[in-house]
$ cat start_6.txt   # compact mmCIF, C-alpha atoms
# COMPACT_ATOMS: atom_id res chain seq x y z
CA MET A 24 32.48 74.29 22.72
CA GLN A 25 32.13 70.51 22.83
CA GLN A 26 34.07 70.34 19.58
CA LEU A 27 36.91 72.28 21.18
CA LEU A 28 36.92 70.01 24.22
CA ASP A 29 37.14 66.94 21.99
CA LEU A 30 39.93 68.46 19.93
CA VAL A 31 41.97 69.31 23.02
CA LYS A 32 41.44 65.83 24.42
CA ARG A 33 42.46 64.23 21.15
CA ALA A 34 45.49 66.54 20.83
CA HIS A 35 46.67 65.64 24.33
CA ALA A 36 46.31 61.94 23.55
CA SER A 37 48.10 62.04 20.21
CA GLY A 38 50.61 64.81 20.92
CA ASP A 39 49.56 66.42 17.65
CA TYR A 40 48.27 69.90 18.37
CA GLN A 41 48.10 71.08 14.78
CA PRO A 42 44.32 70.50 14.31
CA LEU A 43 43.74 72.83 17.24
CA VAL A 44 45.96 75.52 15.75
CA ASP A 45 44.22 75.19 12.39
CA LEU A 46 40.92 75.97 14.06
CA ILE A 47 41.88 79.65 14.11
CA PRO A 48 41.71 81.12 10.61
CA TYR A 49 44.44 83.70 11.10
CA ALA A 50 46.82 81.08 12.55
CA ARG A 51 46.32 79.13 9.30
CA ILE A 52 46.98 82.21 7.17
CA LEU A 53 50.21 82.92 9.05
CA GLY A 54 51.15 79.23 8.84
CA VAL A 55 51.67 78.70 12.59
CA GLN A 56 53.08 75.26 13.41
CA CYS A 57 53.18 73.57 16.76
CA ASP A 58 55.94 71.19 17.83
CA CYS A 59 55.80 69.23 21.04
CA TYR A 60 59.00 68.26 22.89
CA GLY A 61 58.03 66.26 25.94
CA GLU A 62 55.94 68.65 27.98
CA GLU A 63 57.30 71.69 26.21
CA ILE A 64 55.47 73.15 23.22
CA ILE A 65 57.39 75.31 20.80
CA PHE A 66 55.42 77.26 18.25
CA ARG A 67 56.98 77.87 14.87
CA LEU A 68 56.21 80.47 12.25
CA PRO A 69 57.84 79.20 9.05
CA ALA A 70 59.36 81.76 6.70
CA ASN A 71 56.56 82.89 4.40
CA PRO A 72 56.73 85.60 1.72
CA ASP A 73 53.14 86.61 2.59
CA ASN A 74 54.20 87.55 6.13
CA ILE A 75 56.69 90.19 5.04
CA GLY A 76 56.11 93.75 6.17
CA ASN A 77 59.33 95.42 5.16
CA PRO A 78 60.38 94.31 1.68
CA THR A 79 63.78 96.05 1.74
CA ILE A 80 65.44 94.11 4.58
CA PRO A 81 63.26 91.92 4.09
CA ALA A 82 61.63 91.60 7.50
CA ILE A 83 58.49 89.99 8.86
CA HIS A 84 55.61 92.40 9.54
CA GLY A 85 55.72 93.54 13.16
CA GLY A 86 52.03 92.78 13.51
CA VAL A 87 52.62 89.23 12.32
CA ILE A 88 55.22 88.69 15.04
CA ALA A 89 52.87 90.17 17.62
CA SER A 90 49.94 88.05 16.47
CA PHE A 91 52.08 84.92 16.37
CA MET A 92 53.09 85.53 19.99
CA GLU A 93 49.53 86.28 21.03
CA LEU A 94 48.40 83.02 19.41
CA THR A 95 51.22 81.17 21.15
CA ALA A 96 49.96 82.40 24.51
CA LEU A 97 46.37 81.59 23.62
CA PHE A 98 47.19 78.01 22.61
CA GLN A 99 49.48 77.35 25.54
CA LEU A 100 46.79 78.53 27.91
CA THR A 101 44.02 76.60 26.17
CA LEU A 102 46.08 73.43 26.34
CA GLN A 103 46.93 73.90 29.96
CA LEU A 104 43.47 74.61 31.29
CA PRO A 105 42.01 71.71 33.23
CA GLN A 106 38.68 72.45 31.59
CA PRO A 107 39.60 73.75 28.17
CA GLY A 108 37.74 76.70 26.81
CA LEU A 109 38.94 79.47 24.56
CA ALA A 110 40.67 82.06 26.67
CA LYS A 111 39.79 85.66 25.81
CA ILE A 112 42.53 88.22 25.57
CA ILE A 113 42.34 91.16 27.98
CA ASP A 114 45.56 92.95 27.15
CA PHE A 115 48.76 92.41 25.26
CA SER A 116 52.05 94.23 25.62
CA LEU A 117 55.01 93.68 23.36
CA ASP A 118 58.64 94.77 23.20
CA TYR A 119 60.30 94.51 19.83
CA MET A 120 64.00 93.85 20.27
CA ARG A 121 65.37 92.92 16.86
CA ALA A 122 64.05 92.86 13.32
CA GLY A 123 62.40 89.55 12.46
CA LEU A 124 64.20 88.43 9.32
CA ASP A 125 62.66 86.37 6.56
CA ARG A 126 63.31 83.01 8.21
CA ASP A 127 61.63 80.66 10.69
CA THR A 128 60.57 82.26 13.97
CA PHE A 129 60.00 80.35 17.20
CA ALA A 130 58.00 81.21 20.28
CA ILE A 131 57.50 79.72 23.68
CA CYS A 132 55.00 80.77 26.30
CA GLU A 133 55.28 80.55 30.02
CA ILE A 134 52.14 80.77 32.09
CA SER A 135 53.38 82.67 35.10
CA ARG A 136 50.10 82.43 36.92
CA GLN A 137 46.83 80.77 36.21
CA GLY A 138 44.08 81.83 38.53
CA ARG A 139 40.40 81.00 38.45
CA ARG A 140 39.55 83.83 36.07
CA VAL A 141 42.79 85.25 34.73
CA GLY A 142 45.89 83.75 33.17
CA ASN A 143 49.19 85.69 33.09
CA CYS A 144 51.49 84.77 30.22
CA SER A 145 54.91 85.78 29.03
CA VAL A 146 56.04 84.91 25.55
CA LEU A 147 59.49 84.91 24.01
CA ALA A 148 60.15 84.89 20.26
CA TRP A 149 63.48 84.22 18.58
CA GLN A 150 65.06 83.17 15.31
CA GLU A 151 68.64 81.91 15.34
CA ARG A 152 68.96 81.46 19.09
CA LYS A 153 66.74 81.82 22.12
CA SER A 154 69.25 84.00 23.95
CA LYS A 155 68.84 86.60 21.18
CA PRO A 156 65.09 87.17 21.24
CA ILE A 157 63.45 89.29 18.55
CA ALA A 158 60.54 90.15 20.84
CA GLN A 159 59.07 89.51 24.24
CA ALA A 160 55.46 89.89 25.27
CA ARG A 161 53.19 89.83 28.28
CA ALA A 162 49.50 89.06 28.06
CA HIS A 163 46.50 88.60 30.32
CA PHE A 164 43.64 86.33 29.33
CA LEU A 165 40.18 85.93 30.76
CA LEU A 166 39.62 82.25 31.27
CA ASP A 167 36.35 80.79 30.13
CA THR A 168 36.27 77.46 31.85
CA GLY A 169 32.69 76.79 30.87
CA VAL A 170 31.45 77.62 34.36
CA SER A 171 28.74 80.25 34.10
CA THR A 172 29.38 83.27 36.26
CA MET B 22 53.48 121.19 5.63
CA LYS B 23 52.05 118.58 3.26
CA ASP B 24 48.35 118.32 2.46
CA ASP B 25 46.07 115.36 3.22
CA ALA B 26 46.18 114.05 -0.35
CA TYR B 27 49.96 113.84 -0.06
CA TYR B 28 49.76 111.79 3.15
CA HIS B 29 47.05 109.62 1.64
CA ALA B 30 49.21 108.79 -1.37
CA ARG B 31 52.28 108.13 0.77
CA CYS B 32 50.37 105.83 3.16
CA SER B 33 48.70 103.94 0.30
CA ARG B 34 52.05 103.25 -1.30
CA PHE B 35 53.44 102.14 2.06
CA LEU B 36 50.61 99.64 2.54
CA GLU B 37 50.89 98.37 -1.01
CA ALA B 38 54.60 97.75 -0.52
CA GLN B 39 53.92 95.29 2.30
CA PRO B 40 53.02 91.74 1.20
CA HIS B 41 51.20 90.98 4.44
CA MET B 42 48.94 94.01 4.11
CA ARG B 43 47.96 92.76 0.66
CA THR B 44 47.35 89.26 2.05
CA LEU B 45 44.79 90.68 4.46
CA GLY B 46 43.43 93.34 2.13
CA ILE B 47 44.07 96.04 4.72
CA GLY B 48 43.09 99.37 3.22
CA LEU B 49 43.55 103.05 3.96
CA ILE B 50 40.37 104.98 4.58
CA ARG B 51 41.69 108.37 5.61
CA ALA B 52 45.02 110.06 6.12
CA GLU B 53 45.69 113.56 7.38
CA ARG B 54 48.46 115.32 9.29
CA GLY B 55 49.34 113.00 12.20
CA LYS B 56 46.37 110.68 11.74
CA ALA B 57 45.38 107.63 9.71
CA THR B 58 42.40 105.27 9.61
CA LEU B 59 42.70 101.72 8.26
CA VAL B 60 40.16 99.00 7.62
CA LEU B 61 40.29 95.22 7.66
CA PRO B 62 37.45 94.12 5.36
CA VAL B 63 35.24 91.12 6.12
CA GLN B 64 36.78 88.16 4.31
CA PRO B 65 36.09 84.41 4.09
CA GLN B 66 39.69 83.48 4.93
CA LEU B 67 39.25 84.95 8.43
CA ILE B 68 35.91 83.36 9.21
CA SER B 69 35.70 80.19 11.21
CA ALA B 70 32.28 78.75 10.55
CA ASP B 71 32.45 76.13 13.26
CA LEU B 72 33.94 77.99 16.21
CA ASP B 73 31.65 80.95 16.86
CA THR B 74 30.87 84.39 15.50
CA TYR B 75 33.87 86.28 16.89
CA LEU B 76 36.96 87.31 15.02
CA HIS B 77 39.71 85.17 16.46
CA GLY B 78 43.29 85.45 17.34
CA GLY B 79 45.72 88.15 16.57
CA VAL B 80 44.48 89.71 13.36
CA LEU B 81 43.40 92.77 15.34
CA THR B 82 46.96 93.01 16.62
CA THR B 83 48.32 93.07 13.08
CA LEU B 84 45.84 95.75 12.06
CA VAL B 85 46.70 97.93 15.07
CA ASP B 86 50.43 97.61 14.48
CA ALA B 87 49.91 98.58 10.84
CA ALA B 88 47.71 101.58 11.63
CA SER B 89 50.05 102.88 14.32
CA SER B 90 52.95 102.59 11.92
CA VAL B 91 51.02 104.35 9.14
CA SER B 92 50.14 107.21 11.49
CA THR B 93 53.86 107.87 11.96
CA LEU B 94 54.11 108.41 8.20
CA CYS B 95 51.56 111.19 8.58
CA ALA B 96 53.57 112.90 11.29
CA LEU B 97 56.88 113.16 9.44
CA ASP B 98 57.72 115.51 6.60
CA ALA B 99 60.01 113.02 4.88
CA PHE B 100 59.43 109.27 4.89
CA GLU B 101 61.38 107.45 7.59
CA LEU B 102 61.01 103.75 8.21
CA CYS B 103 60.46 103.59 11.97
CA PRO B 104 60.54 100.17 13.64
CA THR B 105 58.10 99.52 16.48
CA LEU B 106 59.65 99.62 19.91
CA ASP B 107 56.65 98.80 22.05
CA LEU B 108 53.00 98.02 21.46
CA ARG B 109 50.28 97.66 24.06
CA ILE B 110 46.67 96.73 23.34
CA ASP B 111 43.71 96.66 25.71
CA HIS B 112 40.78 94.61 24.48
CA MET B 113 37.41 95.90 25.64
CA ARG B 114 35.09 93.61 23.72
CA SER B 115 35.32 90.83 21.16
CA PRO B 116 35.06 91.94 17.54
CA VAL B 117 32.51 90.09 15.40
CA GLN B 118 33.41 88.33 12.14
CA SER B 119 30.52 89.83 10.22
CA GLN B 120 31.68 93.47 10.21
CA PRO B 121 34.82 95.23 9.01
CA LEU B 122 37.31 96.26 11.66
CA TYR B 123 38.46 99.89 11.70
CA VAL B 124 41.45 101.48 13.43
CA ALA B 125 41.90 105.20 13.87
CA ALA B 126 45.50 105.89 14.82
CA GLU B 127 47.19 109.12 15.76
CA CYS B 128 50.84 109.96 16.10
CA TYR B 129 50.54 112.54 18.87
CA ARG B 130 54.15 113.27 19.69
CA VAL B 131 57.30 113.39 17.63
CA THR B 132 60.70 113.73 19.24
CA ARG B 133 64.18 113.50 17.77
CA SER B 134 64.41 109.76 18.42
CA VAL B 135 60.95 108.48 19.31
CA LEU B 136 57.39 108.67 17.95
CA PHE B 137 54.36 108.10 20.19
CA THR B 138 51.05 106.82 18.85
CA ARG B 139 47.59 105.93 20.14
CA ALA B 140 44.86 104.08 18.35
CA SER B 141 41.30 102.96 18.83
CA VAL B 142 39.71 99.96 17.15
CA TYR B 143 35.99 99.84 16.39
CA GLN B 144 33.35 98.20 14.26
CA GLU B 145 29.88 99.74 14.06
CA SER B 146 30.77 103.06 15.69
CA PRO B 147 33.88 104.87 16.91
CA ASP B 148 31.92 105.45 20.12
CA ARG B 149 31.94 101.74 20.88
CA PRO B 150 35.64 100.85 20.77
CA VAL B 151 36.67 97.21 20.61
CA ALA B 152 40.22 97.98 21.72
CA TYR B 153 42.67 100.77 22.53
CA ALA B 154 46.35 100.68 21.76
CA ILE B 155 49.45 102.75 22.39
CA ALA B 156 52.78 102.28 20.70
CA THR B 157 56.22 103.82 20.38
CA PHE B 158 58.46 103.85 17.32
CA MET B 159 62.17 104.55 16.94
CA ARG B 160 63.24 107.02 14.31
CA PRO B 161 66.11 105.66 12.26
CA GLU B 162 69.44 107.42 12.28
CA ALA B 163 69.99 109.56 9.22
CA GLY B 164 70.63 107.60 6.07
CA VAL B 165 69.43 104.25 7.44
CA THR B 166 66.15 104.17 5.51
CA ASP B 167 66.82 102.47 2.17
CA SER B 168 66.86 105.19 -0.48
CA ALA B 169 65.16 103.07 -3.15
CA PHE B 170 62.40 102.18 -0.70
CA ARG B 171 62.05 105.80 0.31
CA ALA B 172 61.73 106.85 -3.31
CA MET B 173 59.05 104.22 -3.84
CA ILE B 174 57.01 105.37 -0.83
CA GLU B 175 57.47 109.05 -1.66
CA GLY B 176 56.28 108.37 -5.20
CA GLY B 177 59.62 108.78 -6.96
CA THR B 178 60.02 112.01 -8.87
CA ASP B 179 56.48 113.15 -8.03
CA ALA B 180 57.49 113.47 -4.40
CA ALA B 181 60.07 116.13 -5.15
CA THR B 182 57.44 118.44 -6.58
CA ALA B 183 54.58 117.65 -4.18

$ encode --input "start_6.txt" --output "structure tokens"
Amino acid sequence: MQQLLDLVKRAHASGDYQPLVDLIPYARILGVQCDCYGEEIIFRLPANPDNIGNPTIPAIHGGVIASFMELTALFQLTLQLPQPGLAKIIDFSLDYMRAGLDRDTFAICEISRQGRRVGNCSVLAWQERKSKPIAQARAHFLLDTGVST
Amino acid sequence: MKDDAYYHARCSRFLEAQPHMRTLGIGLIRAERGKATLVLPVQPQLISADLDTYLHGGVLTTLVDAASSVSTLCALDAFELCPTLDLRIDHMRSPVQSQPLYVAAECYRVTRSVLFTRASVYQESPDRPVAYAIATFMRPEAGVTDSAFRAMIEGGTDAATA
């Protein structure tokens, strides 16, 4: 846990959040990237032939899009916690709106509420433009702020 | 009505056709009318030695989406490529890295336009679920599923005689 705290601190100082993302094996497999624009963090899933689910369109695997969005929420929450700890997912609900084509996908997460124990997140994923999302998700996370309960 | 071996072959081909399923080594354990069970084997690429012993971030979601989708293949007489409309997962406990992850999915209702599925995720025993999931899938309009892809999943000429 100390290692995570140090990584978050270092990431905040340098503005480079990639080491934090790379801590999660599946995020590395998917190739999740993290770009910081001022206070806004946009997560990017670069086009990757290994992420294809439907080879005929071709389209990104639906599960990959879902996982990418879940990871986006997890990272956003972890970075925003005053006392960083890995948040634990409680539930995840996703609407698929368009096929995710074989190109870069972007996601942004808004923390709609962060209580003492639970964080409410909504995530939007898009490809060519944000106003044409490919999916939107809602998630609840249990916050582990290192305080024993 | 097709037999279980038929569904098993169809689902295996469907998984093999998806690069990401191969990346994760997701395999089919059982397929029968309306139901399918998939496994995510333990693998070094998913293990984070320095974080802790839990399986982290999203890979369960991918497995659930895959299993739910495969269960729809077991509920339809002819192969139709049905995109996911909605997926909801409730996580009851954290899965450990050291054991395979199983998903038993069932397509419990088929309508003209929509398929409904439910799935449970477990590790050591189906009686101790790690997560539950429900999903809905849209059936494509006639002729939308790519015919070459359909032939591949149905096993080409074998499918016509099965």

$ atom_distance --input "start_6.txt" --atom1 "atom CA of Leu100 of chain A" --atom2 "atom CA of Pro42 of chain A"
16.0 Å

$ residues_around --input "start_6.txt" --residues "Ala160 of chain A" --least-positions-apart "2" --cutoff "9 Å" --atoms "all atoms listed in the file" --output "list in words"
Ala89, Met92, Glu93, Phe115, Ser116, Leu117, Asp118, Tyr119, Cys144, Ser145, Val146, Leu147, Ala148, Ala158 and Ala162 of chain A

$ closest_residue --input "start_6.txt" --among "A:Val31, A:Ile65, A:Leu104, A:Ile83" --to "chain B" --atoms "only C-alpha atoms"
A:Ile83

$ residues_near_point --input "start_6.txt" --point "(52.2, 114.4, 14.3)" --cutoff "6 Å" --atoms "all atoms listed in the file" --output "PyMOL selection string"
chain B and resi 55+96+128-130

$ write_last_selection --input "start_6.txt" --atoms "C-alpha atoms" --output "PDB file, in the coordinates of the input"
ATOM      1  CA  GLY B  55      49.340 113.000  12.200  1.00  0.00           C
ATOM      2  CA  ALA B  96      53.570 112.900  11.290  1.00  0.00           C
ATOM      3  CA  CYS B 128      50.840 109.960  16.100  1.00  0.00           C
ATOM      4  CA  TYR B 129      50.540 112.540  18.870  1.00  0.00           C
ATOM      5  CA  ARG B 130      54.150 113.270  19.690  1.00  0.00           C
TER       6      ARG B 130
END

$ closest_atom_pairs --input "start_6.txt" --of "chain A" --to "chain B" --cutoff "7 Å" --atoms "all atoms listed in the file" --output "JSON lines"
{"residue": "A:Ile47", "atom": "CA", "partner": "B:His77", "partner_atom": "CA", "distance": 6.4}
{"residue": "A:Pro48", "atom": "CA", "partner": "B:Leu67", "partner_atom": "CA", "distance": 5.0}
{"residue": "A:Tyr49", "atom": "CA", "partner": "B:Leu67", "partner_atom": "CA", "distance": 6.0}
{"residue": "A:Asp73", "atom": "CA", "partner": "B:His41", "partner_atom": "CA", "distance": 5.1}
{"residue": "A:Asn74", "atom": "CA", "partner": "B:His41", "partner_atom": "CA", "distance": 4.9}
{"residue": "A:Ile75", "atom": "CA", "partner": "B:Pro40", "partner_atom": "CA", "distance": 5.5}
{"residue": "A:Gly76", "atom": "CA", "partner": "B:Gln39", "partner_atom": "CA", "distance": 4.7}
{"residue": "A:Asn77", "atom": "CA", "partner": "B:Gln39", "partner_atom": "CA", "distance": 6.1}
{"residue": "A:Pro78", "atom": "CA", "partner": "B:Gln39", "partner_atom": "CA", "distance": 6.6}
{"residue": "A:Thr79", "atom": "CA", "partner": "B:Phe170", "partner_atom": "CA", "distance": 6.7}
{"residue": "A:His84", "atom": "CA", "partner": "B:His41", "partner_atom": "CA", "distance": 6.9}
{"residue": "A:Gly85", "atom": "CA", "partner": "B:Asp86", "partner_atom": "CA", "distance": 6.8}
{"residue": "A:Gly86", "atom": "CA", "partner": "B:Thr83", "partner_atom": "CA", "distance": 3.7}
{"residue": "A:Val87", "atom": "CA", "partner": "B:Thr83", "partner_atom": "CA", "distance": 5.8}
{"residue": "A:Ala89", "atom": "CA", "partner": "B:Thr82", "partner_atom": "CA", "distance": 6.6}
{"residue": "A:Ser90", "atom": "CA", "partner": "B:Gly79", "partner_atom": "CA", "distance": 4.2}
{"residue": "A:Glu93", "atom": "CA", "partner": "B:Gly79", "partner_atom": "CA", "distance": 6.2}
{"residue": "A:Leu94", "atom": "CA", "partner": "B:Gly78", "partner_atom": "CA", "distance": 6.0}
{"residue": "A:Ile112", "atom": "CA", "partner": "B:His112", "partner_atom": "CA", "distance": 6.7}
{"residue": "A:Ile113", "atom": "CA", "partner": "B:His112", "partner_atom": "CA", "distance": 5.2}
{"residue": "A:Asp114", "atom": "CA", "partner": "B:Asp111", "partner_atom": "CA", "distance": 4.4}
{"residue": "A:Phe115", "atom": "CA", "partner": "B:Ile110", "partner_atom": "CA", "distance": 5.2}
{"residue": "A:Ser116", "atom": "CA", "partner": "B:Arg109", "partner_atom": "CA", "distance": 4.2}
{"residue": "A:Leu117", "atom": "CA", "partner": "B:Leu108", "partner_atom": "CA", "distance": 5.1}
{"residue": "A:Asp118", "atom": "CA", "partner": "B:Asp107", "partner_atom": "CA", "distance": 4.6}
{"residue": "A:Tyr119", "atom": "CA", "partner": "B:Leu106", "partner_atom": "CA", "distance": 5.2}

$ atom_distance --input "start_6.txt" --atom1 "atom CA of Leu59 of chain B" --atom2 "atom CA of Ala140 of chain B"
10.6 Å

$ atom_distance --input "start_6.txt" --atom1 "atom CA of Leu124 of chain A" --atom2 "atom CA of Val135 of chain B"
22.6 Å

$ closest_residue --input "start_6.txt" --among "B:Leu61, B:Glu162, B:Arg149, B:Arg51" --to "Ala30 of chain B" --atoms "only C-alpha atoms"
B:Arg51

$ closest_residue --input "start_6.txt" --among "B:Arg139, B:Arg171, B:Arg133, B:Arg54" --to "Ala26 of chain B" --atoms "only C-alpha atoms"
B:Arg54

$ closest_residue --input "start_6.txt" --among "A:Ser37, A:Gln159, A:Thr128, A:Thr101" --to "Gln56 of chain A" --atoms "all atoms listed in the file"
A:Thr128

$ closest_residue --input "start_6.txt" --among "A:Pro156, A:Pro72, A:Pro105, A:Gly138" --to "Arg121 of chain A" --atoms "only C-alpha atoms"
A:Pro156

$ closest_residue --input "start_6.txt" --among "B:Tyr75, B:Ile174, B:Ser33, B:Ala99" --to "Lys111 of chain A" --atoms "only C-alpha atoms"
B:Tyr75

$ residues_around --input "start_6.txt" --residues "Arg126 of chain A" --least-positions-apart "6" --cutoff "9 Å" --atoms "all atoms listed in the file" --output "mmCIF file with C-alpha atoms, in the frame of the given file"
data_model
loop_
_atom_site.group_PDB
_atom_site.id
_atom_site.type_symbol
_atom_site.label_atom_id
_atom_site.label_comp_id
_atom_site.auth_asym_id
_atom_site.auth_seq_id
_atom_site.Cartn_x
_atom_site.Cartn_y
_atom_site.Cartn_z
ATOM 1 C CA LEU A 68 56.210 80.470 12.250
ATOM 2 C CA PRO A 69 57.840 79.200 9.050
ATOM 3 C CA ALA A 70 59.360 81.760 6.700
ATOM 4 C CA ASN A 71 56.560 82.890 4.400
ATOM 5 C CA ALA A 82 61.630 91.600 7.500
ATOM 6 C CA ILE A 83 58.490 89.990 8.860
ATOM 7 C CA GLN A 150 65.060 83.170 15.310
ATOM 8 C CA GLU A 151 68.640 81.910 15.340
#

$ build_atoms --input "start_6.txt" --residues "segment 33-58 of chain B" --atoms "N, CA and C atoms" --output "PDB file, in the coordinates of the input"
ATOM      1  N   SER B  33      49.182 104.999   1.201  1.00  0.00           N
ATOM      2  CA  SER B  33      48.700 103.940   0.300  1.00  0.00           C
ATOM      3  C   SER B  33      49.867 103.169  -0.279  1.00  0.00           C
ATOM      4  N   ARG B  34      50.883 103.916  -0.720  1.00  0.00           N
ATOM      5  CA  ARG B  34      52.050 103.250  -1.300  1.00  0.00           C
ATOM      6  C   ARG B  34      52.761 102.387  -0.253  1.00  0.00           C
ATOM      7  N   PHE B  35      52.789 102.888   0.973  1.00  0.00           N
ATOM      8  CA  PHE B  35      53.440 102.140   2.060  1.00  0.00           C
ATOM      9  C   PHE B  35      52.711 100.820   2.311  1.00  0.00           C
ATOM     10  N   LEU B  36      51.383 100.867   2.326  1.00  0.00           N
ATOM     11  CA  LEU B  36      50.610  99.640   2.540  1.00  0.00           C
ATOM     12  C   LEU B  36      50.794  98.669   1.375  1.00  0.00           C
ATOM     13  N   GLU B  37      50.756  99.228   0.172  1.00  0.00           N
ATOM     14  CA  GLU B  37      50.890  98.370  -1.010  1.00  0.00           C
ATOM     15  C   GLU B  37      52.254  97.693  -1.086  1.00  0.00           C
ATOM     16  N   ALA B  38      53.253  98.314  -0.465  1.00  0.00           N
ATOM     17  CA  ALA B  38      54.600  97.750  -0.520  1.00  0.00           C
ATOM     18  C   ALA B  38      54.773  96.562   0.426  1.00  0.00           C
ATOM     19  N   GLN B  39      53.770  96.334   1.289  1.00  0.00           N
ATOM     20  CA  GLN B  39      53.920  95.290   2.300  1.00  0.00           C
ATOM     21  C   GLN B  39      53.080  94.058   1.942  1.00  0.00           C
ATOM     22  N   PRO B  40      53.761  92.947   1.600  1.00  0.00           N
ATOM     23  CA  PRO B  40      53.020  91.740   1.200  1.00  0.00           C
ATOM     24  C   PRO B  40      51.929  91.343   2.189  1.00  0.00           C
ATOM     25  N   HIS B  41      52.211  91.454   3.490  1.00  0.00           N
ATOM     26  CA  HIS B  41      51.200  90.980   4.440  1.00  0.00           C
ATOM     27  C   HIS B  41      49.952  91.858   4.464  1.00  0.00           C
ATOM     28  N   MET B  42      50.105  93.127   4.178  1.00  0.00           N
ATOM     29  CA  MET B  42      48.940  94.010   4.110  1.00  0.00           C
ATOM     30  C   MET B  42      48.064  93.631   2.918  1.00  0.00           C
ATOM     31  N   ARG B  43      48.720  93.215   1.839  1.00  0.00           N
ATOM     32  CA  ARG B  43      47.960  92.760   0.660  1.00  0.00           C
ATOM     33  C   ARG B  43      47.251  91.439   0.954  1.00  0.00           C
ATOM     34  N   THR B  44      47.950  90.554   1.689  1.00  0.00           N
ATOM     35  CA  THR B  44      47.350  89.260   2.050  1.00  0.00           C
ATOM     36  C   THR B  44      46.023  89.464   2.781  1.00  0.00           C
ATOM     37  N   LEU B  45      45.988  90.456   3.660  1.00  0.00           N
ATOM     38  CA  LEU B  45      44.790  90.680   4.460  1.00  0.00           C
ATOM     39  C   LEU B  45      43.854  91.725   3.843  1.00  0.00           C
ATOM     40  N   GLY B  46      44.271  92.332   2.762  1.00  0.00           N
ATOM     41  CA  GLY B  46      43.430  93.340   2.130  1.00  0.00           C
ATOM     42  C   GLY B  46      43.219  94.573   2.994  1.00  0.00           C
ATOM     43  N   ILE B  47      44.192  94.863   3.844  1.00  0.00           N
ATOM     44  CA  ILE B  47      44.070  96.040   4.720  1.00  0.00           C
ATOM     45  C   ILE B  47      44.152  97.312   3.886  1.00  0.00           C
ATOM     46  N   GLY B  48      43.171  98.183   4.046  1.00  0.00           N
ATOM     47  CA  GLY B  48      43.090  99.370   3.220  1.00  0.00           C
ATOM     48  C   GLY B  48      43.138 100.661   4.021  1.00  0.00           C
ATOM     49  N   LEU B  49      43.490 101.729   3.326  1.00  0.00           N
ATOM     50  CA  LEU B  49      43.550 103.050   3.960  1.00  0.00           C
ATOM     51  C   LEU B  49      42.233 103.779   3.692  1.00  0.00           C
ATOM     52  N   ILE B  50      41.621 104.260   4.745  1.00  0.00           N
ATOM     53  CA  ILE B  50      40.370 104.980   4.580  1.00  0.00           C
ATOM     54  C   ILE B  50      40.603 106.478   4.562  1.00  0.00           C
ATOM     55  N   ARG B  51      41.454 106.932   5.488  1.00  0.00           N
ATOM     56  CA  ARG B  51      41.690 108.370   5.610  1.00  0.00           C
ATOM     57  C   ARG B  51      43.107 108.612   6.091  1.00  0.00           C
ATOM     58  N   ALA B  52      43.713 109.656   5.600  1.00  0.00           N
ATOM     59  CA  ALA B  52      45.020 110.060   6.120  1.00  0.00           C
ATOM     60  C   ALA B  52      45.039 111.579   6.176  1.00  0.00           C
ATOM     61  N   GLU B  53      45.520 112.113   7.266  1.00  0.00           N
ATOM     62  CA  GLU B  53      45.690 113.560   7.380  1.00  0.00           C
ATOM     63  C   GLU B  53      46.904 113.782   8.280  1.00  0.00           C
ATOM     64  N   ARG B  54      47.276 115.031   8.487  1.00  0.00           N
ATOM     65  CA  ARG B  54      48.460 115.320   9.290  1.00  0.00           C
ATOM     66  C   ARG B  54      48.377 114.628  10.659  1.00  0.00           C
ATOM     67  N   GLY B  55      49.257 113.665  10.909  1.00  0.00           N
ATOM     68  CA  GLY B  55      49.340 113.000  12.200  1.00  0.00           C
ATOM     69  C   GLY B  55      48.348 111.877  12.435  1.00  0.00           C
ATOM     70  N   LYS B  56      47.424 111.665  11.487  1.00  0.00           N
ATOM     71  CA  LYS B  56      46.370 110.680  11.740  1.00  0.00           C
ATOM     72  C   LYS B  56      46.121 109.800  10.519  1.00  0.00           C
ATOM     73  N   ALA B  57      45.724 108.538  10.809  1.00  0.00           N
ATOM     74  CA  ALA B  57      45.380 107.630   9.710  1.00  0.00           C
ATOM     75  C   ALA B  57      44.317 106.653  10.191  1.00  0.00           C
ATOM     76  N   THR B  58      43.407 106.282   9.295  1.00  0.00           N
ATOM     77  CA  THR B  58      42.400 105.270   9.610  1.00  0.00           C
ATOM     78  C   THR B  58      42.503 104.133   8.599  1.00  0.00           C
TER      79      THR B  58
END
